[in-house]
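model04.cif (mmCIF, C-alpha atoms)
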data_upload
loop_
_atom_site.label_atom_id
_atom_site.label_comp_id
_atom_site.auth_asym_id
_atom_site.auth_seq_id
_atom_site.Cartn_x
_atom_site.Cartn_y
_atom_site.Cartn_z
CA MET A 1 -23.05 -10.97 -39.99
CA SER A 2 -26.05 -13.19 -39.44
CA ALA A 3 -28.55 -12.69 -36.63
CA GLN A 4 -27.22 -15.73 -34.81
CA ALA A 5 -23.66 -14.46 -34.98
CA GLN A 6 -24.81 -11.07 -33.70
CA MET A 7 -26.56 -12.71 -30.76
CA ARG A 8 -23.48 -14.79 -30.01
CA ALA A 9 -21.28 -11.69 -30.10
CA LEU A 10 -23.72 -9.85 -27.83
CA LEU A 11 -23.67 -12.71 -25.30
CA ASP A 12 -19.87 -12.81 -25.42
CA GLN A 13 -19.74 -9.08 -24.79
CA LEU A 14 -22.12 -9.34 -21.83
CA MET A 15 -21.00 -12.59 -20.15
CA GLY A 16 -17.41 -13.25 -21.26
CA THR A 17 -15.69 -16.42 -22.39
CA ALA A 18 -17.20 -18.66 -19.72
CA ARG A 19 -20.83 -18.06 -20.69
CA ASP A 20 -21.39 -21.61 -22.02
CA GLY A 21 -18.52 -23.57 -20.45
CA ASP A 22 -16.44 -23.65 -23.64
CA GLU A 23 -12.98 -24.49 -22.29
CA THR A 24 -11.26 -24.10 -25.66
CA ARG A 25 -12.00 -20.38 -25.68
CA GLN A 26 -10.66 -20.00 -22.17
CA ARG A 27 -7.20 -21.13 -23.21
CA VAL A 28 -6.42 -17.53 -24.24
CA LYS A 29 -6.80 -15.14 -21.32
CA PHE A 30 -7.28 -11.41 -21.65
CA THR A 31 -3.90 -10.97 -19.90
CA ASP A 32 -2.12 -12.78 -22.75
CA ASP A 33 0.36 -10.66 -24.72
CA ARG A 34 -1.33 -11.81 -27.93
CA VAL A 35 -4.53 -9.97 -26.95
CA CYS A 36 -4.88 -6.35 -28.11
CA LYS A 37 -5.09 -4.16 -25.01
CA SER A 38 -6.49 -1.26 -27.05
CA HIS A 39 -9.35 -3.53 -28.13
CA LEU A 40 -10.05 -4.37 -24.49
CA LEU A 41 -10.38 -0.63 -23.82
CA ASN A 42 -12.49 -0.11 -26.98
CA CYS A 43 -10.04 2.25 -28.65
CA CYS A 44 -8.15 0.19 -31.24
CA PRO A 45 -7.71 2.21 -34.48
CA HIS A 46 -8.25 -0.95 -36.52
CA ASP A 47 -11.81 -1.11 -35.17
CA ILE A 48 -12.57 2.62 -35.19
CA LEU A 49 -11.35 3.33 -38.74
CA SER A 50 -12.77 0.18 -40.23
CA GLY A 51 -14.64 0.90 -43.50
CA THR A 52 -13.02 4.31 -44.13
CA ARG A 53 -10.50 5.31 -46.77
CA MET A 54 -7.82 4.81 -44.12
CA ASP A 55 -8.96 1.29 -43.21
CA LEU A 56 -6.00 -0.39 -41.47
CA GLY A 57 -7.24 -3.93 -41.98
CA ASP A 58 -7.21 -6.60 -39.32
CA CYS A 59 -5.17 -6.04 -36.18
CA THR A 60 -2.17 -8.29 -35.69
CA LYS A 61 -3.38 -9.15 -32.18
CA ILE A 62 -6.47 -10.97 -30.95
CA HIS A 63 -9.80 -9.12 -30.87
CA ASP A 64 -12.57 -10.84 -28.93
CA LEU A 65 -15.59 -9.23 -27.30
CA ALA A 66 -15.73 -12.01 -24.72
CA LEU A 67 -12.19 -11.21 -23.61
CA ARG A 68 -13.21 -7.56 -23.31
CA ALA A 69 -16.06 -8.62 -21.04
CA ASP A 70 -13.62 -10.68 -18.93
CA TYR A 71 -11.36 -7.65 -18.64
CA GLU A 72 -14.21 -5.36 -17.60
CA ILE A 73 -15.21 -7.82 -14.88
CA ALA A 74 -11.64 -8.23 -13.62
CA SER A 75 -10.87 -4.48 -13.74
CA LYS A 76 -13.60 -3.85 -11.16
CA GLU A 77 -11.65 -5.88 -8.61
CA ARG A 78 -8.11 -4.63 -9.27
CA ASP A 79 -6.11 -2.25 -11.46
CA LEU A 80 -4.44 -4.01 -14.39
CA PHE A 81 -2.87 -0.87 -15.93
CA PHE A 82 -3.63 -1.92 -19.51
CA GLU A 83 -4.03 1.81 -20.16
CA LEU A 84 -0.25 2.08 -20.48
CA ASP A 85 -0.19 -0.35 -23.42
CA ALA A 86 -3.14 1.42 -25.05
CA VAL A 87 -1.49 4.83 -24.62
CA ASP A 88 1.70 3.60 -26.29
CA HIS A 89 -0.34 2.13 -29.17
CA LEU A 90 -2.45 5.26 -29.75
CA GLU A 91 0.50 7.63 -29.37
CA SER A 92 2.37 5.73 -32.07
CA PHE A 93 -0.66 5.86 -34.36
CA ILE A 94 -1.30 9.58 -33.78
CA ALA A 95 2.38 10.35 -34.31
CA ASP A 96 2.23 8.66 -37.73
CA CYS A 97 -0.91 10.65 -38.59
CA ASP A 98 0.76 13.93 -37.56
CA ARG A 99 3.79 13.10 -39.72
CA ARG A 100 1.49 12.52 -42.70
CA THR A 101 -0.18 15.87 -42.01
CA GLU A 102 3.14 17.70 -42.01
CA LEU A 103 4.21 16.01 -45.25
CA ALA A 104 0.90 16.98 -46.89
CA LYS A 105 1.39 20.59 -45.79
CA LYS A 106 4.87 20.63 -47.31
CA ARG A 107 3.56 19.24 -50.62
CA LEU A 108 0.83 21.89 -50.74
CA ALA A 109 3.37 24.62 -50.02
CA GLU A 110 5.49 23.39 -52.93
CA THR A 111 2.64 23.02 -55.48
CA GLN A 112 0.44 26.04 -54.71
CA GLU A 113 1.32 29.61 -55.54
CA GLU A 114 2.85 31.68 -52.82
CA ILE A 115 0.63 34.39 -51.42
CA SER A 116 1.28 37.26 -49.04
CA ALA A 117 0.80 36.92 -45.33
CA GLU A 118 -2.28 39.17 -45.45
CA VAL A 119 -3.96 37.06 -48.13
CA ALA A 120 -2.97 33.86 -46.31
CA ALA A 121 -4.58 35.14 -43.11
CA LYS A 122 -7.82 35.92 -44.98
CA ALA A 123 -7.80 32.51 -46.60
CA GLU A 124 -7.21 30.90 -43.21
CA LYS A 125 -10.23 32.75 -41.84
CA VAL A 126 -12.38 31.33 -44.63
CA HIS A 127 -11.10 27.82 -43.87
CA GLU A 128 -11.93 28.24 -40.17
CA LEU A 129 -15.47 29.34 -40.98
CA ASN A 130 -15.86 26.39 -43.36
CA GLU A 131 -14.75 24.07 -40.58
CA GLU A 132 -17.22 25.63 -38.13
CA ILE A 133 -20.07 25.24 -40.64
CA GLY A 134 -19.16 21.62 -41.28
CA LYS A 135 -19.10 20.80 -37.56
CA LEU A 136 -22.44 22.51 -36.95
CA LEU A 137 -24.08 20.72 -39.86
CA ALA A 138 -22.76 17.37 -38.64
CA LYS A 139 -24.08 18.14 -35.16
CA ALA A 140 -27.51 19.11 -36.55
CA GLU A 141 -27.70 15.84 -38.51
CA GLN A 142 -26.79 13.84 -35.42
CA LEU A 143 -29.42 15.61 -33.31
CA GLY A 144 -32.02 15.04 -36.01
CA ALA A 145 -31.16 11.34 -36.14
CA GLU A 146 -31.59 11.16 -32.35
CA GLY A 147 -34.99 12.85 -32.55
CA ASN A 148 -33.99 16.20 -31.04
CA VAL A 149 -35.62 18.30 -33.74
CA ASP A 150 -35.77 21.52 -31.72
CA GLU A 151 -32.07 21.36 -30.89
CA ALA A 152 -31.27 20.61 -34.52
CA GLN A 153 -33.25 23.72 -35.63
CA LYS A 154 -31.27 25.88 -33.21
CA VAL A 155 -28.00 24.53 -34.61
CA LEU A 156 -29.16 25.27 -38.18
CA GLN A 157 -29.89 28.86 -37.17
CA GLU A 158 -26.30 29.13 -35.94
CA VAL A 159 -25.19 27.73 -39.30
CA GLU A 160 -26.95 30.55 -41.12
CA LYS A 161 -25.13 33.11 -38.98
CA VAL A 162 -21.77 31.51 -39.72
CA ARG A 163 -22.60 31.41 -43.43
CA SER A 164 -23.14 35.14 -43.49
CA ARG A 165 -19.79 35.63 -41.79
CA LYS A 166 -18.19 33.29 -44.31
CA LYS A 167 -19.67 35.26 -47.18
CA ASP A 168 -18.10 38.46 -45.88
CA ALA A 169 -14.72 36.69 -45.37
CA GLU A 170 -14.80 35.31 -48.94
CA GLU A 171 -15.54 38.78 -50.27
CA GLU A 172 -12.53 40.19 -48.45
CA TYR A 173 -10.38 37.35 -49.73
CA ARG A 174 -11.60 37.83 -53.31
CA ASN A 175 -10.82 41.55 -53.25
CA SER A 176 -7.27 40.95 -51.97
CA MET A 177 -6.08 38.95 -55.00
CA PRO A 178 -6.54 38.73 -58.79
CA ALA A 179 -9.64 37.00 -60.15
CA SER A 180 -7.59 34.35 -61.93
CA SER A 181 -5.83 33.37 -58.74
CA PHE A 182 -9.09 33.39 -56.77
CA GLN A 183 -10.66 30.79 -59.04
CA GLN A 184 -7.88 28.34 -58.26
CA GLN A 185 -8.76 25.78 -55.64
CA LYS A 186 -6.90 26.55 -52.42
CA LEU A 187 -6.44 23.40 -50.40
CA ARG A 188 -5.86 22.94 -46.70
CA VAL A 189 -4.89 19.88 -44.67
CA CYS A 190 -7.25 18.87 -41.86
CA GLU A 191 -5.35 18.93 -38.58
CA VAL A 192 -7.41 16.06 -37.19
CA CYS A 193 -7.44 13.41 -39.92
CA SER A 194 -4.90 14.84 -42.43
CA ALA A 195 -7.55 14.96 -45.21
CA TYR A 196 -7.55 17.76 -47.85
CA LEU A 197 -10.15 20.53 -47.59
CA GLY A 198 -10.91 23.04 -50.33
CA LEU A 199 -11.45 26.71 -49.80
CA HIS A 200 -14.51 26.69 -52.08
CA ASP A 201 -16.07 23.45 -50.80
CA ASN A 202 -19.82 23.62 -50.44
CA ASP A 203 -21.73 22.93 -47.25
CA ARG A 204 -22.58 19.37 -48.23
CA ARG A 205 -18.94 18.52 -48.76
CA LEU A 206 -17.99 20.11 -45.45
CA ALA A 207 -20.79 18.32 -43.60
CA ASP A 208 -19.77 15.00 -45.13
CA HIS A 209 -16.18 15.53 -44.05
CA PHE A 210 -16.72 16.75 -40.47
CA GLY A 211 -19.58 14.33 -39.88
CA GLY A 212 -17.90 11.45 -41.64
CA LYS A 213 -16.62 8.30 -40.00
CA LEU A 214 -12.98 9.09 -40.76
CA HIS A 215 -12.93 12.52 -39.12
CA LEU A 216 -15.07 11.44 -36.16
CA GLY A 217 -12.95 8.33 -35.78
CA PHE A 218 -9.78 10.40 -35.44
CA ILE A 219 -11.54 12.68 -32.98
CA GLN A 220 -12.55 9.63 -30.96
CA ILE A 221 -8.99 8.29 -31.02
CA ARG A 222 -7.48 11.61 -29.95
CA GLU A 223 -10.05 12.13 -27.19
CA LYS A 224 -9.55 8.57 -26.00
CA LEU A 225 -5.80 9.12 -25.91
CA ASP A 226 -6.20 12.25 -23.76
CA GLN A 227 -8.61 10.41 -21.49
CA LEU A 228 -6.24 7.45 -21.10
CA LYS A 229 -3.36 9.78 -20.27
CA LYS A 230 -5.41 11.41 -17.53
CA THR A 231 -6.45 7.99 -16.25
CA VAL A 232 -2.83 6.81 -16.20
CA VAL A 233 -1.75 9.92 -14.30
CA GLU A 234 -4.59 9.53 -11.78
CA LYS A 235 -3.85 5.84 -11.26
CA GLN A 236 -0.14 6.50 -10.87
CA GLU A 237 -0.85 9.22 -8.32
CA LYS A 238 -3.24 6.91 -6.49
CA ARG A 239 -0.68 4.12 -6.62
CA ASN A 240 2.03 6.42 -5.28
CA GLN A 241 -0.31 7.59 -2.52
CA ASP A 242 -1.12 3.98 -1.66
CA ARG A 243 2.59 3.12 -1.59
CA LEU A 244 3.29 6.16 0.57
CA LYS A 245 0.41 5.21 2.85
CA ARG A 246 1.63 1.62 3.11
CA ARG A 247 5.15 2.87 3.79
CA GLU A 248 3.86 5.16 6.53
CA GLU A 249 1.86 2.28 7.99
CA ARG A 250 4.94 0.03 7.89
CA GLU A 251 7.03 2.75 9.52
CA LYS A 252 4.33 3.24 12.13
CA GLU A 253 4.23 -0.50 12.79
CA GLU A 254 8.03 -0.56 13.03
CA ARG A 255 7.95 2.32 15.50
CA MET A 256 5.29 0.54 17.52
CA LYS A 257 7.33 -2.67 17.44
CA ARG A 258 10.45 -0.77 18.51
CA ARG A 259 8.50 0.86 21.31
CA THR A 260 7.07 -2.48 22.34
CA ARG A 261 10.51 -4.07 22.26
CA SER A 262 12.01 -1.19 24.23
CA ARG A 263 9.16 -1.39 26.73
CA SER A 264 9.60 -5.14 27.04
CA ARG A 265 13.35 -4.69 27.48
CA GLU A 266 12.74 -2.00 30.07
CA HIS A 267 10.17 -4.21 31.73
CA ARG A 268 12.61 -7.10 31.78
CA ARG A 269 15.30 -4.81 33.15
CA SER A 270 12.97 -3.50 35.82
CA ARG A 271 11.96 -7.05 36.67
CA SER A 272 15.61 -8.08 36.85
CA ARG A 273 16.34 -5.04 39.01
CA ASP A 274 13.39 -5.95 41.23
CA ARG A 275 14.58 -9.54 41.40
CA ARG A 276 18.09 -8.39 42.28
CA ARG A 277 16.67 -5.98 44.83
CA ARG A 278 14.46 -8.66 46.30
CA ARG A 279 17.36 -11.06 46.20
CA SER A 280 19.58 -8.55 47.93
CA HIS A 281 16.86 -7.80 50.45
CA SER A 282 16.30 -11.50 51.06
CA THR A 283 20.05 -11.98 51.33
CA SER A 284 20.31 -9.15 53.81
CA ARG A 285 17.33 -10.52 55.70
CA ASP A 286 18.91 -13.96 55.68
CA ARG A 287 22.15 -12.43 56.87
CA ARG A 288 20.37 -10.54 59.59
CA ARG A 289 18.43 -13.65 60.50
CA SER A 290 21.59 -15.74 60.50
CA ARG A 291 23.33 -13.09 62.59
CA SER A 292 20.43 -12.93 64.99
CA ARG A 293 20.31 -16.70 65.08
CA SER A 294 24.03 -16.90 65.71
CA ARG A 295 23.71 -14.27 68.41
CA GLU A 296 20.78 -16.16 69.86
CA ARG A 297 22.77 -19.40 69.71
CA ARG A 298 25.74 -17.70 71.36
CA ARG A 299 23.47 -16.19 73.96
CA ARG A 300 21.83 -19.54 74.56
CA HIS A 301 25.20 -21.19 74.64
CA ARG A 302 26.44 -18.68 77.19
CA SER A 303 23.30 -19.09 79.25
CA ARG A 304 23.63 -22.84 79.05
CA SER A 305 27.27 -22.59 79.96
CA ARG A 306 26.40 -20.43 82.93
CA SER A 307 23.65 -22.80 84.01
CA ARG A 308 25.97 -25.77 83.64
CA SER A 309 28.66 -24.10 85.66
CA ARG A 310 26.15 -23.25 88.35
CA GLY A 311 24.75 -26.77 88.31
CA HIS A 312 28.24 -28.22 88.57
CA ARG A 313 29.02 -26.14 91.62
CA HIS A 314 25.71 -27.07 93.22
CA SER A 315 26.30 -30.73 92.49
CA HIS A 316 29.80 -30.60 94.07
CA GLU A 317 28.66 -28.99 97.28
CA PRO A 318 26.36 -31.94 98.46
CA SER A 319 29.02 -34.51 97.68
CA SER A 320 31.52 -32.65 99.86
CA ARG A 321 28.99 -32.45 102.61
CA HIS A 322 28.25 -36.16 102.22
CA LYS A 323 31.91 -36.88 102.12
CA SER A 324 32.55 -34.96 105.32
CA SER A 325 29.69 -36.77 107.11
CA ARG A 326 31.05 -40.14 106.03
CA ASP A 327 34.43 -39.11 107.19
CA ARG A 328 33.01 -38.09 110.50
CA GLU A 329 31.11 -41.36 110.81
CA ARG A 330 34.18 -43.29 109.85
CA SER A 331 36.27 -41.34 112.31
CA SER A 332 33.68 -41.87 115.05
CA ARG A 333 33.63 -45.58 114.28
CA ASP A 334 37.37 -45.62 114.35
CA LYS A 335 37.36 -43.79 117.65
CA SER A 336 34.78 -46.22 119.11
CA ARG A 337 36.88 -49.15 117.92
CA ASP A 338 39.96 -47.60 119.49
CA ARG A 339 38.02 -47.02 122.71
CA ASP A 340 36.74 -50.56 122.78
CA ARG A 341 40.20 -51.83 122.04
CA ARG A 342 41.64 -49.81 124.87
CA VAL A 343 38.88 -50.93 127.24
CA GLY A 344 39.56 -54.55 126.37
CA MET A 345 43.24 -54.13 126.85
CA ASN A 346 42.66 -52.44 130.15
CA GLY A 347 40.43 -55.36 131.28
CA ARG A 348 43.00 -57.98 130.39
CA GLU A 349 45.67 -56.03 132.20
CA ALA A 350 43.47 -55.95 135.35
CA GLY A 351 42.79 -59.69 135.14
CA ASP A 352 46.51 -60.34 135.09
CA PHE A 353 46.96 -58.43 138.21
#

As structure tokens, what does this structure read like?
Amino acid sequence: MSAQAQMRALLDQLMGTARDGDETRQRVKFTDDRVCKSHLLNCCPHDILSGTRMDLGDCTKIHDLALRADYEIASKERDLFFELDAVDHLESFIADCDRRTELAKKRLAETQEEISAEVAAKAEKVHELNEEIGKLLAKAEQLGAEGNVDEAQKVLQEVEKVRSRKKDAEEEYRNSMPASSFQQQKLRVCEVCSAYLGLHDNDRRLADHFGGKLHLGFIQIREKLDQLKKTVVEKQEKRNQDRLKRREEREKEERMKRRTRSRSREHRRSRSRDRRRRRSHSTSRDRRRSRSRSRERRRRHRSRSRSRSRGHRHSHEPSSRHKSSRDRERSSRDKSRDRDRRVGMNGREAGDF
């Protein structure tokens, strides 16, 4: 890869697909099913085991560092749960590796001579010490490459101690079986990467294996798988807690709404009761007022009737008195007329005589 291509890949990894406004690259989103979710999480076996004897070639899905950058930016805002797809992918790959390991063990059991359980245990001890030496040597080389010389020297001192223990274990193993059988190479299958390990491998061979890209790549894949499983469990627990919390909040809101509705209904009922009570009170007051008014009207009517009757009697009494005086005047006039008439008659009678 040229320097320019490396710089372009570095910019894609840092800034994503929209770093230079290239719309053609944005047509494929990191959420697309064609994009490798394991690549977005930096754990695709096709990338990790590239250049080893178990190189898987190119992945069938899209690998793009810019899409990985887009995913990292988006994952800070919300959970996308791409870990589930990566877990399924890595579990399938590890299951295939474990099947190859079991098949290799069966082939070794068929081709190698059978040994007693005691000799097999001693040989297993030698293999374990070889593995420990290989891991320590790989660790010392890594520390030396990082510049931690003192730490690397301490690890090499531990290697010397393990070597002495290995020498004793090989001596016990040699004494437990014939010399001809001891010279035969006893192989063992690596539980991590399913590679073959020899009982008599030297330190350089062991260091190359345990510090090699293939073995470390499988360790990285297995550790990443365990980490993703823990992450999935934690996110699922958090999601369940959030759902439970939201459910409790909804139930609380529903209870509050029911209480509010019941209070409003009770308030309306109390208001209606108050209105009915006030209405009944006003009705009773109106009735009392109407009764009092009717009584007052009756009382007034009676008083008026009494006053009218009294006034009528008083009005009749003067008219009778007036009538009697007129009658007396008329009678006196009549009497005076009669007297005059008699006097006149008496005068005419005297003139005749």

Discussion item. Show me the residues close to (-19.3, 36.4, -44.7) - anything with an atom within 12 Å, counting only C-alpha atoms - and format the list as a list in words.
Written reply: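 It turns out the residues near that spot are Lys122, Lys125, Val126, His127, Glu128, Leu129, Asn130, Ile133, Val159, Glu160, Lys161, Val162, Arg163, Ser164, Arg165, Lys166, Lys167, Asp168, Ala169, Glu170, Glu171, Glu172, Tyr173 and Arg174 of chain A.
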
Practice prompt. Would you please work out which residue, of A:Leu84, A:Ser92, A:Ala140, A:Tyr71, is nearest to Lys230 (chain A) when using only C-alpha atoms?
Written response: A:Leu84

Worksheet item: By how many Å are CA of His89 (chain A) and CA of Cys44 (chain A) apart?
Response: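 So the two atoms, CA of His89 (chain A) and CA of Cys44 (chain A), lie 8.3 Å apart.
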
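If you measure from each of A:Asp242, A:Asp201, A:Asp32, A:Asp79 to His63 (chain A) using all atoms listed in the file, the closest one turns out to be A:Asp32.
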
I want to know what sits within 12 Å of Gly212 (chain A), based on only C-alpha atoms, with residues of the same chain fewer than 2 positions away left out; could you give that as a PDB file with C-alpha atoms, in the frame of the given file?
ATOM      1  CA  LEU A  49     -11.350   3.330 -38.740  1.00  0.00           C
ATOM      2  CA  GLY A  51     -14.640   0.900 -43.500  1.00  0.00           C
ATOM      3  CA  THR A  52     -13.020   4.310 -44.130  1.00  0.00           C
ATOM      4  CA  ARG A  53     -10.500   5.310 -46.770  1.00  0.00           C
ATOM      5  CA  GLY A 134     -19.160  21.620 -41.280  1.00  0.00           C
ATOM      6  CA  LYS A 135     -19.100  20.800 -37.560  1.00  0.00           C
ATOM      7  CA  LEU A 137     -24.080  20.720 -39.860  1.00  0.00           C
ATOM      8  CA  ALA A 138     -22.760  17.370 -38.640  1.00  0.00           C
ATOM      9  CA  LYS A 139     -24.080  18.140 -35.160  1.00  0.00           C
ATOM     10  CA  GLU A 141     -27.700  15.840 -38.510  1.00  0.00           C
ATOM     11  CA  GLN A 142     -26.790  13.840 -35.420  1.00  0.00           C
ATOM     12  CA  CYS A 193      -7.440  13.410 -39.920  1.00  0.00           C
ATOM     13  CA  ALA A 195      -7.550  14.960 -45.210  1.00  0.00           C
ATOM     14  CA  ARG A 204     -22.580  19.370 -48.230  1.00  0.00           C
ATOM     15  CA  ARG A 205     -18.940  18.520 -48.760  1.00  0.00           C
ATOM     16  CA  LEU A 206     -17.990  20.110 -45.450  1.00  0.00           C
ATOM     17  CA  ALA A 207     -20.790  18.320 -43.600  1.00  0.00           C
ATOM     18  CA  ASP A 208     -19.770  15.000 -45.130  1.00  0.00           C
ATOM     19  CA  HIS A 209     -16.180  15.530 -44.050  1.00  0.00           C
ATOM     20  CA  PHE A 210     -16.720  16.750 -40.470  1.00  0.00           C
ATOM     21  CA  LEU A 214     -12.980   9.090 -40.760  1.00  0.00           C
ATOM     22  CA  HIS A 215     -12.930  12.520 -39.120  1.00  0.00           C
ATOM     23  CA  LEU A 216     -15.070  11.440 -36.160  1.00  0.00           C
ATOM     24  CA  GLY A 217     -12.950   8.330 -35.780  1.00  0.00           C
ATOM     25  CA  PHE A 218      -9.780  10.400 -35.440  1.00  0.00           C
ATOM     26  CA  ILE A 219     -11.540  12.680 -32.980  1.00  0.00           C
TER      27      ILE A 219
END

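A straight line drawn from CA of Met256 (chain A) to CA of Gln241 (chain A) is 22.0 Å long.
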
Worksheet entry | Shell around Leu90 (chain A) at 7 Å using only C-alpha atoms, local window under 4 positions removed, as a ChimeraX atom specification | /A:86,94,225

Selection dump of the PyMOL selection byres ((chain A and resi 91) around 12), as an mmCIF file with C-alpha atoms, in the frame of the given file:
data_model
loop_
_atom_site.group_PDB
_atom_site.id
_atom_site.type_symbol
_atom_site.label_atom_id
_atom_site.label_comp_id
_atom_site.auth_asym_id
_atom_site.auth_seq_id
_atom_site.Cartn_x
_atom_site.Cartn_y
_atom_site.Cartn_z
ATOM 1 C CA SER A 38 -6.490 -1.260 -27.050
ATOM 2 C CA CYS A 43 -10.040 2.250 -28.650
ATOM 3 C CA CYS A 44 -8.150 0.190 -31.240
ATOM 4 C CA PRO A 45 -7.710 2.210 -34.480
ATOM 5 C CA GLU A 83 -4.030 1.810 -20.160
ATOM 6 C CA LEU A 84 -0.250 2.080 -20.480
ATOM 7 C CA ASP A 85 -0.190 -0.350 -23.420
ATOM 8 C CA ALA A 86 -3.140 1.420 -25.050
ATOM 9 C CA VAL A 87 -1.490 4.830 -24.620
ATOM 10 C CA ASP A 88 1.700 3.600 -26.290
ATOM 11 C CA HIS A 89 -0.340 2.130 -29.170
ATOM 12 C CA LEU A 90 -2.450 5.260 -29.750
ATOM 13 C CA SER A 92 2.370 5.730 -32.070
ATOM 14 C CA PHE A 93 -0.660 5.860 -34.360
ATOM 15 C CA ILE A 94 -1.300 9.580 -33.780
ATOM 16 C CA ALA A 95 2.380 10.350 -34.310
ATOM 17 C CA ASP A 96 2.230 8.660 -37.730
ATOM 18 C CA CYS A 97 -0.910 10.650 -38.590
ATOM 19 C CA ASP A 98 0.760 13.930 -37.560
ATOM 20 C CA ILE A 221 -8.990 8.290 -31.020
ATOM 21 C CA ARG A 222 -7.480 11.610 -29.950
ATOM 22 C CA GLU A 223 -10.050 12.130 -27.190
ATOM 23 C CA LYS A 224 -9.550 8.570 -26.000
ATOM 24 C CA LEU A 225 -5.800 9.120 -25.910
ATOM 25 C CA ASP A 226 -6.200 12.250 -23.760
ATOM 26 C CA LEU A 228 -6.240 7.450 -21.100
ATOM 27 C CA LYS A 229 -3.360 9.780 -20.270
#

Fill in: Atom-to-atom span, CA of Lys76 (chain A) and CA of His46 (chain A), Å
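Going from CA of Lys76 (chain A) over to CA of His46 (chain A) covers 26.1 Å.
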
Practice prompt. Give me the result of the PyMOL selection byres ((chain A and resi 187) around 6) on this file, residue by residue, as an MDAnalysis selection string.
Written response: chainID A and resid 186 188 197:198

Would you write out those residues with C-alpha atoms, as a PDB file, in the frame of the given file?
ATOM      1  CA  LYS A 186      -6.900  26.550 -52.420  1.00  0.00           C
ATOM      2  CA  ARG A 188      -5.860  22.940 -46.700  1.00  0.00           C
ATOM      3  CA  LEU A 197     -10.150  20.530 -47.590  1.00  0.00           C
ATOM      4  CA  GLY A 198     -10.910  23.040 -50.330  1.00  0.00           C
TER       5      GLY A 198
END
